[in-house]
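Report on the structure given below.
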Amino acid sequence: MNQIESWLTSLSNLVWGPHLLILLVGTGIFLTVRLGFIQVTRLGVGLKEAFIPKSEQPKKKQRGDISHFQALMTALAATVGTGNMVGVATAIVLGGPGAVVWMWLSGFVGMATKYAEAILAVKYRVVDERGEIAGGPMYYLEHGLKKKWLGVLFAVFASVAAFGIGNGVQTNSISLALNNSFNVPMVVTGIVMMAVTAFVILGGVKSIGKVVGIFVPFMIFAYVGSGLVILIMNLELVPGALSTMFSSTFSAEAIGGGALGAAIRYGVARGVFSNEAGLGSAPIAAAAAKTDFPGRQALVSMTQVLIDTLIVCSITGLTIVMGGQYTEGLEGIALTQASFAYFLGPIGEIIVTISLVFFAYSTVLGWCYYGERSAYYLLGEKVIVPYRVLYILVAGLGAMTTNLNLIWSISDVFNGLMAIPNLIGLLFLSGVVVAETKRFELERKKEGQSSAA
């Protein structure tokens with residue numbers, strides 16, 4: 001087992017080497033510039049499209065299985081998970097406080113990446129044999145780029161990655177947190193996770209969309225609210241924490257001592273693990289949204305990175321750096337729990353534990369949909385039920401294992417592998433993204449004129 005773990009760690013380091021980090025961030029920068037900094041100029045429009053009541057949306061014929069809001073919540077369910085708590089803590093321990101800055105920078109350009117992914121997912125989506133919407137990188141790689149082999153590669157990597165990033169890592173973190181805080185046996189957690197996962201995912205995307213649309217907003221508000229209480233109550237510590245982050249990133253000592261490379265490596269990698277911009281996973285949910293224009297859903301999807309990385313991850317990062325517990329040898333969820341407890345007492349650890357349970361469980365639900373859609377692309381409808389059953393079993397097994405490093409290594413490898421064909425598609429189809437953006441801008445002008453009249 002140690003030999004396998006060592007091999008996977010080496011493979012993870014190879015996959016997540018400078019080439020992939022440059023490709024991820026470079027694609028985000030390229031799209032940001034080509035789209036005229038759309039994450040700044042159209043952010044307000046995206047938030048409005050995501051959160052205004054459905055009755056206020058333009059009444060047009062809209063294809064899709066779930067609403068804009070449910071698509072956003074499904075994507076957030078899959079992304080707001082252990083990456084926001086465990087991933088941030090791991091990045092700070094391995095890359096120093098400066099890793100958070102690189103999470104912010106990669107998240108900012110990642111908003112443009114997420115926009116492009118969604119616009120292509122909706123444009124090239126299809127209706128499957130069951131009458132449901134199917135879309136994502138495998139479809140825009142096949143029908144847009146005309147490279148089906150790249151679509152197949154993505155689907156293979158994504159269908160396997162779902163068992164790691166979206167399943168085993170999440171349920172393992174739930175199990176460890178409940179065991180540490182409440183002494184709940186890991187076997188008990190595993191059995192419960194299988195039961196509650198089966199209850200939701202056997203109903204398909206519409207069932208998942210309804211469930212996450214209800215509790216995802218509440219779980220985010222609860223965690224962010226607690227974090228904001230800490231920041232407001234300790235406002236005098238915030239400037240110092242920010243100074244520590246930026247100085248450990250750009251100081252001469254950091255650059256000369258090699259700390260800059262570690263900060264970039266773990267900041268970008270854990271940031272992508274959290275917000276998934278560039279991986280190609282979230283557009284699978286975006287494709288299922290009821291929408292009349294690809295650009296409308298793309299603006300909604302873009303807000304996901306804002307919520308996930310620039311808000312939720314920032315709360316975790318600032319709290320950890322302010323508390324200083326990262327210098328005490330703690331890591332993972334234990335570090336986040338200790339940091340919240342440092343400011344809020346025992347209730348702080350409980351808040352983190354309960355939040356982690358809901359964050360991680362929602363990720364399990366969202367990634368099941370991503371994985372089964374990828375498997376469906378490869379093998380058709382016959383694979384759906386077996387995939388769901390296997391997914392449920394892995395949820396239980398992940399909760400019972402004590403080897404977290406092995407699970408994280410598997411996740412890192414397949415996350416990186418699925419990103420490569422997706423990023424190739426985004427770069428070569430960027431002209432389509434720009435054209436669809438212009439088409440939607442014309443539509444928005446018509447809507448503005450008709451409402452004014």
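The chains in the structure tokens are called A, B, ... from first to last as shown; in each chain the residues are counted from 1, and the ligands are counted from 1 in the order shown.
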
Subject >> Backbone-only DSSP, helix (DSSP H, G or I) members of stretch 10-247 of chain A, as a VMD selection string >> reply: chain A and resid 10 to 15 18 to 34 38 to 41 43 to 51 54 to 56 68 to 79 82 to 95 98 to 123 137 to 144 148 to 182 186 to 201 204 to 233 235 to 247

Original post:
Which value, in Å to one decimal, gives the distance between atom CA of A:Asn172 and atom CA of A:Gly398?
Top reply: 5.1 Å

Original post:
Just how far from atom CA of A:Ser247 is atom CA of A:Gly26, in Å to one decimal?
Top reply: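 Atom CA of A:Ser247 lies at a distance of 23.8 Å from atom CA of A:Gly26.
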
Original post:
Within 12 Å of stretch 94-96 of chain A, counting only C-alpha atoms, which residues qualify if same-chain residues fewer than 4 places away don't, as a PyMOL selection string?
Top reply: chain A and resi 87-90+100-103+244-250+254+258-270+317+320-321+324+326-327+329-332

**OP:** For A:Leu47, list every protein, DNA or RNA residue within 7 Å, evaluated using only C-alpha atoms, and leave out those in the same chain fewer than 4 positions away; present the list as a ChimeraX atom specification.
**Re:** /A:43,51,300,303

Selected residues, N, CA and C atoms, written as a PDB file, in the first residue's frame, please.
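Everything below was put into again_24.pdb:
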```
ATOM      1  N   LEU A  43     -20.763  40.885 -13.751  1.00  0.00           N
ATOM      2  CA  LEU A  43     -21.021  40.134 -12.518  1.00  0.00           C
ATOM      3  C   LEU A  43     -22.411  40.435 -11.960  1.00  0.00           C
ATOM      4  N   PHE A  51     -30.462  34.862  -9.007  1.00  0.00           N
ATOM      5  CA  PHE A  51     -31.224  34.941  -7.765  1.00  0.00           C
ATOM      6  C   PHE A  51     -32.574  35.650  -7.839  1.00  0.00           C
ATOM      7  N   VAL A 300     -24.630  33.043 -14.912  1.00  0.00           N
ATOM      8  CA  VAL A 300     -25.015  32.459 -13.628  1.00  0.00           C
ATOM      9  C   VAL A 300     -23.897  31.555 -13.105  1.00  0.00           C
ATOM     10  N   THR A 303     -20.842  33.125 -11.342  1.00  0.00           N
ATOM     11  CA  THR A 303     -20.960  33.566  -9.952  1.00  0.00           C
ATOM     12  C   THR A 303     -20.572  32.477  -8.967  1.00  0.00           C
TER      13      THR A 303
END
```

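Comparing A:Gly135, A:Gly46, A:Gly225, A:Gly280 by their smallest distance to A:Ile311, the closest is A:Gly225 (using only C-alpha atoms).
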
**OP:** Tell me, in Å to one decimal, how far atom CA of A:Phe273 is from atom CA of A:Val433.
**Re:**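 One can read the atom CA of A:Phe273 to atom CA of A:Val433 distance as 24.1 Å.
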